[in-house]
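**Student:** Provided herewith: structure_24.txt, compact mmCIF, C-alpha atoms.
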# COMPACT_ATOMS: atom_id res chain seq x y z
CA MET A 187 95.45 90.25 84.12
CA ASN A 188 91.76 90.89 84.72
CA ARG A 189 91.93 89.06 88.01
CA PHE A 190 94.33 91.76 89.27
CA THR A 191 91.74 93.98 90.89
CA TRP A 192 91.88 95.77 94.21
CA SER A 193 90.07 92.91 95.86
CA TYR A 194 92.42 90.23 94.56
CA PHE A 195 94.83 90.64 97.45
CA ALA A 196 92.02 91.10 99.98
CA ALA A 197 92.11 87.35 100.47
CA PRO A 198 94.39 86.86 103.50
CA GLN A 199 96.16 83.89 101.93
CA ARG A 200 97.20 85.91 98.85
CA PHE A 201 98.16 88.95 100.88
CA TYR A 202 100.22 86.70 103.15
CA ARG A 203 102.44 85.75 100.23
CA LEU A 204 102.58 89.28 98.81
CA ALA A 205 103.60 90.72 102.20
CA GLY A 206 106.22 87.98 102.54
CA LYS A 207 107.79 89.08 99.26
CA ALA A 208 107.76 92.75 100.30
CA VAL A 209 109.47 92.28 103.69
CA PRO A 210 113.08 91.73 102.48
CA TRP A 211 112.88 94.71 100.07
CA CYS A 212 111.51 97.05 102.72
CA ALA A 213 114.10 95.81 105.22
CA ALA A 214 116.96 96.34 102.73
CA VAL A 215 115.80 99.88 101.96
CA ALA A 216 115.47 100.59 105.70
CA ILE A 217 119.02 99.38 106.43
CA VAL A 218 120.64 101.31 103.56
CA LEU A 219 118.76 104.54 104.33
CA THR A 220 119.43 104.26 108.08
CA LEU A 221 123.17 103.92 107.50
CA TYR A 222 123.16 106.85 105.06
CA GLY A 223 120.93 108.97 107.29
CA LEU A 224 123.07 108.34 110.38
CA TYR A 225 126.18 109.11 108.35
CA LEU A 226 124.69 112.46 107.31
CA GLY A 227 123.11 113.32 110.64
CA LEU A 228 125.71 112.15 113.12
CA GLY A 229 128.78 112.25 110.88
CA VAL A 230 128.66 115.03 108.30
CA ALA A 231 126.18 117.65 109.60
CA PRO A 232 127.88 120.45 111.55
CA THR A 233 127.06 121.49 115.12
CA ASP A 234 124.15 123.86 115.57
CA PHE A 235 125.30 127.32 116.66
CA GLN A 236 122.48 127.67 119.21
CA GLN A 237 121.85 124.18 120.55
CA GLY A 238 125.26 122.58 120.12
CA ASP A 239 125.20 118.88 119.35
CA SER A 240 122.01 118.23 121.35
CA TYR A 241 120.11 119.17 118.19
CA ARG A 242 121.24 115.88 116.59
CA ILE A 243 118.39 114.21 118.47
CA ILE A 244 116.24 115.73 115.69
CA PHE A 245 117.39 112.92 113.35
CA ILE A 246 115.44 110.37 115.37
CA HIS A 247 112.90 112.58 117.16
CA VAL A 248 111.17 114.14 114.14
CA PRO A 249 111.05 110.93 112.05
CA ALA A 250 109.60 109.03 115.03
CA ALA A 251 106.98 111.72 115.68
CA TRP A 252 105.96 111.91 112.01
CA THR A 253 105.77 108.14 111.77
CA ALA A 254 103.68 107.87 114.93
CA MET A 255 101.11 110.26 113.42
CA VAL A 256 101.14 108.74 109.92
CA LEU A 257 100.77 105.22 111.34
CA TYR A 258 97.81 106.34 113.43
CA VAL A 259 96.05 107.69 110.34
CA ALA A 260 96.88 104.48 108.46
CA MET A 261 95.57 102.37 111.36
CA ALA A 262 92.33 104.35 111.55
CA PHE A 263 91.94 104.19 107.76
CA TRP A 264 92.23 100.40 107.61
CA ALA A 265 90.07 100.04 110.71
CA ALA A 266 87.40 102.15 108.97
CA VAL A 267 87.68 100.12 105.75
CA GLY A 268 87.31 96.97 107.83
CA LEU A 269 84.27 98.38 109.59
CA ILE A 270 82.50 99.76 106.51
CA PHE A 271 83.16 96.91 104.06
CA ASN A 272 83.33 94.16 106.67
CA ALA A 273 86.78 93.34 105.30
CA ARG A 274 88.85 91.00 107.42
CA LEU A 275 92.23 91.81 105.92
CA ALA A 276 91.77 95.56 106.47
CA ALA A 277 91.01 94.93 110.14
CA MET A 278 94.09 92.71 110.37
CA LEU A 279 96.23 95.50 108.90
CA ALA A 280 94.92 97.96 111.49
CA GLN A 281 95.71 95.41 114.19
CA ALA A 282 99.24 94.95 112.82
CA ILE A 283 99.99 98.69 112.66
CA ALA A 284 99.07 99.52 116.27
CA PRO A 285 102.10 98.13 118.19
CA THR A 286 104.61 99.80 115.85
CA GLY A 287 102.70 103.07 116.08
CA ALA A 288 102.80 102.87 119.86
CA LEU A 289 106.55 102.28 119.79
CA MET A 290 107.06 105.30 117.52
CA ALA A 291 104.93 107.50 119.80
CA PHE A 292 106.99 106.28 122.75
CA LEU A 293 110.24 107.05 120.89
CA ALA A 294 109.00 110.55 120.00
CA LEU A 295 108.24 111.22 123.68
CA TRP A 296 111.44 109.65 124.98
CA THR A 297 113.77 111.45 122.56
CA GLY A 298 111.76 114.64 123.14
CA ALA A 299 112.42 114.38 126.88
CA LEU A 300 116.13 113.87 126.27
CA TRP A 301 116.13 116.88 123.97
CA GLY A 302 114.00 119.00 126.29
CA LYS A 303 116.31 118.61 129.28
CA PRO A 304 119.39 120.32 127.75
CA THR A 305 117.45 122.89 125.67
CA TRP A 306 114.46 123.82 127.88
CA GLY A 307 115.85 122.68 131.23
CA THR A 308 113.06 120.16 131.80
CA TRP A 309 112.24 116.59 130.75
CA TRP A 310 108.55 117.31 130.47
CA VAL A 311 106.03 120.16 130.38
CA TRP A 312 102.26 119.94 130.00
CA ASP A 313 102.45 121.83 126.74
CA ALA A 314 99.92 121.27 123.94
CA ARG A 315 102.32 119.44 121.61
CA LEU A 316 103.70 117.13 124.31
CA THR A 317 100.34 116.43 125.90
CA SER A 318 98.62 115.61 122.60
CA THR A 319 101.49 113.27 121.68
CA LEU A 320 101.09 111.53 125.05
CA ILE A 321 97.38 111.15 124.25
CA LEU A 322 98.43 109.57 120.92
CA LEU A 323 100.42 106.95 122.83
CA PHE A 324 97.44 106.31 125.13
CA LEU A 325 95.15 105.94 122.10
CA TYR A 326 97.43 103.26 120.68
CA ILE A 327 97.55 101.49 124.05
CA GLY A 328 93.78 101.83 124.47
CA TYR A 329 93.20 100.40 120.99
CA MET A 330 95.40 97.38 121.69
CA SER A 331 93.90 96.81 125.15
CA LEU A 332 90.36 96.98 123.81
CA ARG A 333 91.20 94.48 121.06
CA ALA A 334 92.84 92.17 123.56
CA ALA A 335 89.87 92.37 125.96
CA ILE A 336 87.35 91.01 123.43
CA ASP A 337 87.64 87.32 122.63
CA ASP A 338 85.61 87.27 119.44
CA GLU A 339 87.97 88.64 116.75
CA ARG A 340 85.29 90.18 114.55
CA ARG A 341 83.69 91.97 117.50
CA ALA A 342 87.15 93.10 118.60
CA ASP A 343 87.69 94.49 115.08
CA ARG A 344 84.51 96.53 115.20
CA ALA A 345 84.89 97.90 118.71
CA SER A 346 88.54 98.84 118.28
CA ALA A 347 87.79 100.39 114.86
CA VAL A 348 85.37 102.83 116.48
CA LEU A 349 88.02 103.83 119.02
CA ALA A 350 90.65 104.24 116.27
CA ILE A 351 88.33 106.40 114.13
CA VAL A 352 87.27 108.66 117.01
CA GLY A 353 90.90 109.07 118.06
CA VAL A 354 91.98 110.32 114.65
CA VAL A 355 90.77 113.79 115.68
CA ASN A 356 93.89 113.95 117.86
CA VAL A 357 96.26 113.86 114.87
CA PRO A 358 95.47 117.35 113.49
CA ILE A 359 95.51 118.57 117.09
CA ILE A 360 99.11 117.35 117.43
CA TYR A 361 100.06 118.78 114.07
CA PHE A 362 98.57 122.25 114.59
CA SER A 363 99.15 122.42 118.37
CA VAL A 364 102.24 124.57 117.89
CA LYS A 365 100.14 127.10 115.95
CA TRP A 366 96.91 127.02 117.92
CA TRP A 367 98.48 127.32 121.35
CA ASN A 368 101.43 129.17 122.71
CA THR A 369 103.71 126.19 123.22
CA LEU A 370 107.23 125.71 124.49
CA HIS A 371 107.73 123.28 121.63
CA GLN A 372 109.12 124.96 118.53
CA GLY A 373 107.04 125.32 115.36
CA ALA A 374 107.36 123.10 112.30
CA SER A 375 110.88 123.01 110.87
CA VAL A 376 109.59 121.75 107.55
CA SER A 377 106.38 122.78 105.82
CA LEU A 378 105.03 122.56 102.31
CA THR A 379 104.44 126.30 101.99
CA LYS A 380 107.60 127.82 103.48
CA ALA A 381 111.29 127.33 102.93
CA PRO A 382 112.63 125.00 105.64
CA SER A 383 114.11 126.77 108.66
CA MET A 384 117.20 124.59 108.79
CA ALA A 385 120.44 124.00 106.90
CA ALA A 386 120.26 121.84 103.77
CA ILE A 387 122.47 119.05 105.12
CA MET A 388 120.45 118.82 108.35
CA LEU A 389 117.20 118.74 106.42
CA GLN A 390 118.60 116.08 104.10
CA GLY A 391 119.69 113.90 107.03
CA MET A 392 116.29 114.26 108.67
CA LEU A 393 114.37 113.34 105.50
CA VAL A 394 116.59 110.32 104.85
CA MET A 395 116.03 109.14 108.42
CA ALA A 396 112.28 109.64 108.03
CA LEU A 397 112.25 107.53 104.85
CA ALA A 398 114.36 104.90 106.62
CA LEU A 399 111.90 104.70 109.49
CA TRP A 400 108.97 104.45 107.10
CA ALA A 401 110.67 101.58 105.26
CA TYR A 402 111.27 99.91 108.63
CA CYS A 403 107.61 100.32 109.56
CA PHE A 404 106.47 98.82 106.25
CA ALA A 405 108.76 95.81 106.84
CA VAL A 406 107.64 95.30 110.43
CA VAL A 407 103.93 95.81 109.74
CA PHE A 408 104.09 93.30 106.88
CA MET A 409 105.88 90.85 109.18
CA ARG A 410 103.27 91.34 111.89
CA VAL A 411 100.27 91.16 109.57
CA ARG A 412 101.56 87.79 108.37
CA LEU A 413 101.56 86.56 111.96
CA VAL A 414 98.10 88.01 112.56
CA ILE A 415 96.82 86.24 109.43
CA LEU A 416 98.31 82.92 110.59
CA GLU A 417 96.87 83.35 114.09
CA ARG A 418 93.41 84.30 112.93
CA GLU A 419 93.20 81.82 110.06
CA ARG A 420 94.67 78.99 112.10
CA ASP A 421 91.77 76.70 111.31
CA ALA A 422 92.06 77.15 107.55
CA ALA A 423 93.60 74.25 105.63
CA TRP A 424 96.29 76.37 103.95
CA THR A 425 97.42 77.79 107.30
CA ARG A 426 97.82 74.40 108.94
CA GLU A 427 99.67 73.10 105.93
CA HIS A 428 101.88 76.18 105.82
CA LEU A 429 102.76 75.97 109.51
CA ALA A 430 103.62 72.30 109.12
CA ARG A 431 105.84 72.99 106.08
CA PRO A 432 106.77 76.72 106.09
CA GLN A 433 109.01 76.46 103.00
CA ALA A 434 106.24 75.30 100.71
CA ALA A 435 104.09 78.46 100.66
CA MET B 85 131.11 115.19 102.02
CA LYS B 86 133.60 115.40 104.83
CA LEU B 87 133.07 114.04 108.31
CA TYR B 88 132.57 116.79 110.84
CA TRP B 89 134.46 115.19 113.74
CA ALA B 90 138.18 115.44 114.40
CA SER B 91 138.33 112.24 116.49
CA TRP B 92 136.27 109.37 117.82
CA SER B 93 136.26 110.85 121.32
CA ASP B 94 134.79 114.08 119.90
CA PHE B 95 132.14 111.99 118.20
CA PHE B 96 131.19 110.12 121.37
CA ALA B 97 131.27 113.28 123.51
CA MET B 98 128.80 115.09 121.18
CA GLY B 99 130.01 118.46 122.49
CA GLY B 100 129.05 117.48 126.05
CA TYR B 101 125.56 116.28 125.05
CA GLY B 102 126.65 112.63 124.71
CA PRO B 103 124.22 111.14 127.25
CA TYR B 104 121.25 112.91 125.64
CA VAL B 105 122.16 112.12 122.04
CA TRP B 106 123.24 108.52 122.68
CA GLY B 107 120.37 108.03 125.12
CA SER B 108 118.01 108.89 122.26
CA PHE B 109 119.61 106.78 119.54
CA GLY B 110 120.44 103.95 121.95
CA VAL B 111 116.85 103.58 123.13
CA ALA B 112 115.68 103.68 119.50
CA VAL B 113 117.98 100.74 118.75
CA VAL B 114 116.76 98.86 121.84
CA VAL B 115 113.09 99.45 120.95
CA ILE B 116 113.59 98.25 117.38
CA ALA B 117 115.57 95.19 118.51
CA ALA B 118 112.86 94.33 121.05
CA GLU B 119 110.13 94.64 118.43
CA LEU B 120 111.96 92.34 116.00
CA TRP B 121 112.72 89.85 118.78
CA SER B 122 109.09 89.73 119.93
CA LEU B 123 107.93 89.09 116.34
CA ARG B 124 110.40 86.22 116.13
CA GLN B 125 109.13 84.72 119.38
CA ARG B 126 105.54 85.05 118.20
CA ARG B 127 106.38 83.22 114.96
CA LYS B 128 108.14 80.45 116.91
CA GLY B 129 105.11 80.06 119.16
CA LEU B 130 102.88 79.54 116.13
CA THR B 131 105.03 76.78 114.67
CA SER B 132 105.46 74.89 117.92
CA GLU B 133 101.69 74.92 118.47
CA THR B 134 101.10 72.68 115.47
CA GLU B 135 103.78 70.17 116.38
CA PRO B 136 102.41 66.97 117.97
For this file, write the structure as structure tokens.
**Tutor:**
Amino acid sequence: MNRFTWSYFAAPQRFYRLAGKAVPWCAAVAIVLTLYGLYLGLGVAPTDFQQGDSYRIIFIHVPAAWTAMVLYVAMAFWAAVGLIFNARLAAMLAQAIAPTGALMAFLALWTGALWGKPTWGTWWVWDARLTSTLILLFLYIGYMSLRAAIDDERRADRASAVLAIVGVVNVPIIYFSVKWWNTLHQGASVSLTKAPSMAAIMLQGMLVMALALWAYCFAVVFMRVRLVILERERDAAWTREHLARPQAA
Amino acid sequence: MKLYWASWSDFFAMGGYGPYVWGSFGVAVVVIAAELWSLRQRRKGLTSETEP
């Protein structure tokens, strides 16, 4: 197994097959965990004594917000690897993560607005947490627009990588915004150092939903990176052969 | 683990917060469906390109 080094799967053709094998597993995990998480969150968990049932938005809002931040860091990481080591596959991964990250940032903002209206009385405030999350969405959109504006793929990789890396500074700002500024948004419900400030069943539902969303993101990013590989390697012999006979590869 | 709700109508009403709760989960479903659909279309576009 000495050929099994970290660089073995850096060849797009090999990673294409590996990602293809991973998709059904990730999708299955995502489906099972989503059903279980929704059962816990929307079925079993009791009503909150302060917020009533509006709090149940937490089961999608917090997982989406976490995922949006984690995906940004992952995107910037692979963009940086692509930039430093001139690695094509790493740049392709960054490219494949961006749209899903943008969707998660959108979901965090959308569900936050729907939660803000009944609990704060407003859809939106220019509070540090909300504003920095909006900036996260704009960073994703900016990254994708910049990529799309440059025809040469390798130049697009480099330019967009710089944007992704600079933008990573926004992630700790989002995370700590509720501590650094006096925000309307509540503080962290879950932290590594303190006992969680919520009931066990609610916490359990939220964590299951977060894992479900992560599994979904793995599945979708692997699906998209396969498409990106095919699009960018369209002149390679294996790609043309694979597109002509998809079952063979 | 017992279900919290006494009836389906209780479940859909969400204690009066139905539009907010279902508006959140509904849009999440729509966004995910749209993402999967667009990936499917993109894959189809690739295959048809190579056909003569």
**Student:** Counting all atoms listed in the file, which residues come within 10 Å of (107.6, 108.1, 115.2), with the point read in the file's coordinates, and could you list them as a PDB file with C-alpha atoms, in the frame of the given file?
**Tutor:**
ATOM      1  CA  ILE A 246     115.440 110.370 115.370  1.00  0.00           C
ATOM      2  CA  HIS A 247     112.900 112.580 117.160  1.00  0.00           C
ATOM      3  CA  VAL A 248     111.170 114.140 114.140  1.00  0.00           C
ATOM      4  CA  PRO A 249     111.050 110.930 112.050  1.00  0.00           C
ATOM      5  CA  ALA A 250     109.600 109.030 115.030  1.00  0.00           C
ATOM      6  CA  ALA A 251     106.980 111.720 115.680  1.00  0.00           C
ATOM      7  CA  TRP A 252     105.960 111.910 112.010  1.00  0.00           C
ATOM      8  CA  THR A 253     105.770 108.140 111.770  1.00  0.00           C
ATOM      9  CA  ALA A 254     103.680 107.870 114.930  1.00  0.00           C
ATOM     10  CA  MET A 255     101.110 110.260 113.420  1.00  0.00           C
ATOM     11  CA  VAL A 256     101.140 108.740 109.920  1.00  0.00           C
ATOM     12  CA  LEU A 257     100.770 105.220 111.340  1.00  0.00           C
ATOM     13  CA  THR A 286     104.610  99.800 115.850  1.00  0.00           C
ATOM     14  CA  GLY A 287     102.700 103.070 116.080  1.00  0.00           C
ATOM     15  CA  ALA A 288     102.800 102.870 119.860  1.00  0.00           C
ATOM     16  CA  LEU A 289     106.550 102.280 119.790  1.00  0.00           C
ATOM     17  CA  MET A 290     107.060 105.300 117.520  1.00  0.00           C
ATOM     18  CA  ALA A 291     104.930 107.500 119.800  1.00  0.00           C
ATOM     19  CA  PHE A 292     106.990 106.280 122.750  1.00  0.00           C
ATOM     20  CA  LEU A 293     110.240 107.050 120.890  1.00  0.00           C
ATOM     21  CA  ALA A 294     109.000 110.550 120.000  1.00  0.00           C
ATOM     22  CA  LEU A 295     108.240 111.220 123.680  1.00  0.00           C
ATOM     23  CA  ALA A 396     112.280 109.640 108.030  1.00  0.00           C
ATOM     24  CA  LEU A 399     111.900 104.700 109.490  1.00  0.00           C
ATOM     25  CA  TRP A 400     108.970 104.450 107.100  1.00  0.00           C
ATOM     26  CA  CYS A 403     107.610 100.320 109.560  1.00  0.00           C
TER      27      CYS A 403
END
**Student:** For chain A against chain B, which residues fall within 10 Å using all atoms listed in the file, given as an NGL selection string?
**Tutor:** :A and (224-226 or 228-233 or 237-247 or 250 or 285-286 or 289-290 or 292-294 or 296-304 or 387 or 402 or 406 or 409-410 or 412-414 or 416-417 or 420 or 426-432)
**Student:** Tell me, in Å to one decimal, how far CA of Met392 in chain A is from CA of Tyr222 in chain A.
**Tutor:** 10.7 Å
**Student:** Which protein, DNA or RNA residues are at most 8 Å from (110.6, 95.0, 103.1) in the file's coordinates when you count all atoms listed in the file, listed as a PDB file with C-alpha atoms, keeping the file's coordinate frame?
**Tutor:**
ATOM      1  CA  LYS A 207     107.790  89.080  99.260  1.00  0.00           C
ATOM      2  CA  ALA A 208     107.760  92.750 100.300  1.00  0.00           C
ATOM      3  CA  VAL A 209     109.470  92.280 103.690  1.00  0.00           C
ATOM      4  CA  PRO A 210     113.080  91.730 102.480  1.00  0.00           C
ATOM      5  CA  TRP A 211     112.880  94.710 100.070  1.00  0.00           C
ATOM      6  CA  CYS A 212     111.510  97.050 102.720  1.00  0.00           C
ATOM      7  CA  ALA A 213     114.100  95.810 105.220  1.00  0.00           C
ATOM      8  CA  ALA A 214     116.960  96.340 102.730  1.00  0.00           C
ATOM      9  CA  VAL A 215     115.800  99.880 101.960  1.00  0.00           C
ATOM     10  CA  ALA A 216     115.470 100.590 105.700  1.00  0.00           C
ATOM     11  CA  ALA A 401     110.670 101.580 105.260  1.00  0.00           C
ATOM     12  CA  TYR A 402     111.270  99.910 108.630  1.00  0.00           C
ATOM     13  CA  PHE A 404     106.470  98.820 106.250  1.00  0.00           C
ATOM     14  CA  ALA A 405     108.760  95.810 106.840  1.00  0.00           C
ATOM     15  CA  VAL A 406     107.640  95.300 110.430  1.00  0.00           C
ATOM     16  CA  PHE A 408     104.090  93.300 106.880  1.00  0.00           C
TER      17      PHE A 408
END
**Student:** Take CA of Gly328 in chain A and CA of Val259 in chain A and report the distance between them in Å, one decimal.
**Tutor:**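 CA of Val259 in chain A lies at a distance of 15.5 Å from CA of Gly328 in chain A.
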**Student:** Measure the distance from CA of Thr369 in chain A to CA of Asp313 in chain A in Å and round it to one decimal.
**Tutor:**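 A separation of 5.7 Å between them.
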**Student:** Take every atom of range 241-253 of chain A listed in the file, pad by 5 Å on each side, and give me the axis-aligned box centre and edge lengths in Å, one decimal, as AutoDock Vina command-line options.
**Tutor:**
--center_x 113.5 --center_y 113.7 --center_z 115.1 --size_x 25.5 --size_y 21.0 --size_z 16.7
**Student:** Can you work out which one of A:Val348, A:Gln281, A:Ser331, A:Pro358 has the shortest atom-to-atom distance to Thr319 in chain A, counting only C-alpha atoms?
**Tutor:** A:Pro358
**Student:** Which residue out of A:Leu389, A:Val311, A:Ala260, A:Met395 has the minimum interatomic distance to Val357 in chain A when all atoms listed in the file are used?
**Tutor:**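 Ranking A:Leu389, A:Val311, A:Ala260, A:Met395 by distance to Val357 in chain A, first place goes to A:Ala260.
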**Student:** Kindly complete range 88-115 of chain B to N, CA and C atoms; the output should be written as a short mmCIF file (atom, residue, chain, number, x, y, z; two decimals), keeping the file's coordinate frame.
**Tutor:**
data_model
loop_
_atom_site.label_atom_id
_atom_site.label_comp_id
_atom_site.auth_asym_id
_atom_site.auth_seq_id
_atom_site.Cartn_x
_atom_site.Cartn_y
_atom_site.Cartn_z
N TYR B 88 132.45 115.58 110.05
CA TYR B 88 132.57 116.79 110.84
C TYR B 88 133.55 116.63 111.99
N TRP B 89 133.72 115.41 112.49
CA TRP B 89 134.46 115.19 113.74
C TRP B 89 135.96 115.04 113.51
N ALA B 90 136.72 115.55 114.49
CA ALA B 90 138.18 115.44 114.40
C ALA B 90 138.65 114.10 114.95
N SER B 91 137.90 113.52 115.90
CA SER B 91 138.33 112.24 116.49
C SER B 91 137.11 111.47 116.98
N TRP B 92 137.36 110.20 117.30
CA TRP B 92 136.27 109.37 117.82
C TRP B 92 135.77 109.89 119.17
N SER B 93 136.71 110.40 119.99
CA SER B 93 136.26 110.85 121.32
C SER B 93 135.38 112.09 121.19
N ASP B 94 135.67 112.94 120.20
CA ASP B 94 134.79 114.08 119.90
C ASP B 94 133.40 113.59 119.53
N PHE B 95 133.39 112.55 118.69
CA PHE B 95 132.14 111.99 118.20
C PHE B 95 131.31 111.46 119.36
N PHE B 96 131.96 110.70 120.26
CA PHE B 96 131.19 110.12 121.37
C PHE B 96 130.78 111.18 122.39
N ALA B 97 131.60 112.24 122.53
CA ALA B 97 131.27 113.28 123.51
C ALA B 97 130.09 114.13 123.04
N MET B 98 129.90 114.29 121.73
CA MET B 98 128.80 115.09 121.18
C MET B 98 128.76 116.48 121.83
N GLY B 99 129.94 117.11 121.95
CA GLY B 99 130.01 118.46 122.49
C GLY B 99 129.44 118.56 123.90
N GLY B 100 129.55 117.47 124.68
CA GLY B 100 129.05 117.48 126.05
C GLY B 100 127.62 116.98 126.17
N TYR B 101 126.95 116.76 125.03
CA TYR B 101 125.56 116.28 125.05
C TYR B 101 125.47 114.78 124.82
N GLY B 102 126.60 114.07 124.96
CA GLY B 102 126.65 112.63 124.71
C GLY B 102 125.50 111.84 125.32
N PRO B 103 125.28 111.95 126.63
CA PRO B 103 124.22 111.14 127.25
C PRO B 103 122.85 111.38 126.62
N TYR B 104 122.56 112.62 126.23
CA TYR B 104 121.25 112.91 125.64
C TYR B 104 121.15 112.35 124.23
N VAL B 105 122.19 112.60 123.43
CA VAL B 105 122.16 112.12 122.04
C VAL B 105 122.18 110.60 122.00
N TRP B 106 123.13 109.99 122.74
CA TRP B 106 123.24 108.52 122.68
C TRP B 106 122.10 107.85 123.43
N GLY B 107 121.56 108.54 124.44
CA GLY B 107 120.37 108.03 125.12
C GLY B 107 119.18 107.95 124.18
N SER B 108 119.10 108.89 123.24
CA SER B 108 118.01 108.89 122.26
C SER B 108 118.20 107.78 121.23
N PHE B 109 119.39 107.77 120.60
CA PHE B 109 119.61 106.78 119.54
C PHE B 109 119.72 105.37 120.12
N GLY B 110 120.30 105.26 121.31
CA GLY B 110 120.44 103.95 121.95
C GLY B 110 119.09 103.32 122.25
N VAL B 111 118.18 104.12 122.82
CA VAL B 111 116.85 103.58 123.13
C VAL B 111 116.10 103.23 121.85
N ALA B 112 116.31 104.01 120.78
CA ALA B 112 115.68 103.68 119.50
C ALA B 112 116.14 102.31 119.03
N VAL B 113 117.44 102.05 119.16
CA VAL B 113 117.98 100.74 118.75
C VAL B 113 117.38 99.63 119.61
N VAL B 114 117.30 99.87 120.93
CA VAL B 114 116.76 98.86 121.84
C VAL B 114 115.29 98.56 121.50
N VAL B 115 114.51 99.62 121.26
CA VAL B 115 113.09 99.45 120.95
C VAL B 115 112.91 98.64 119.67
#
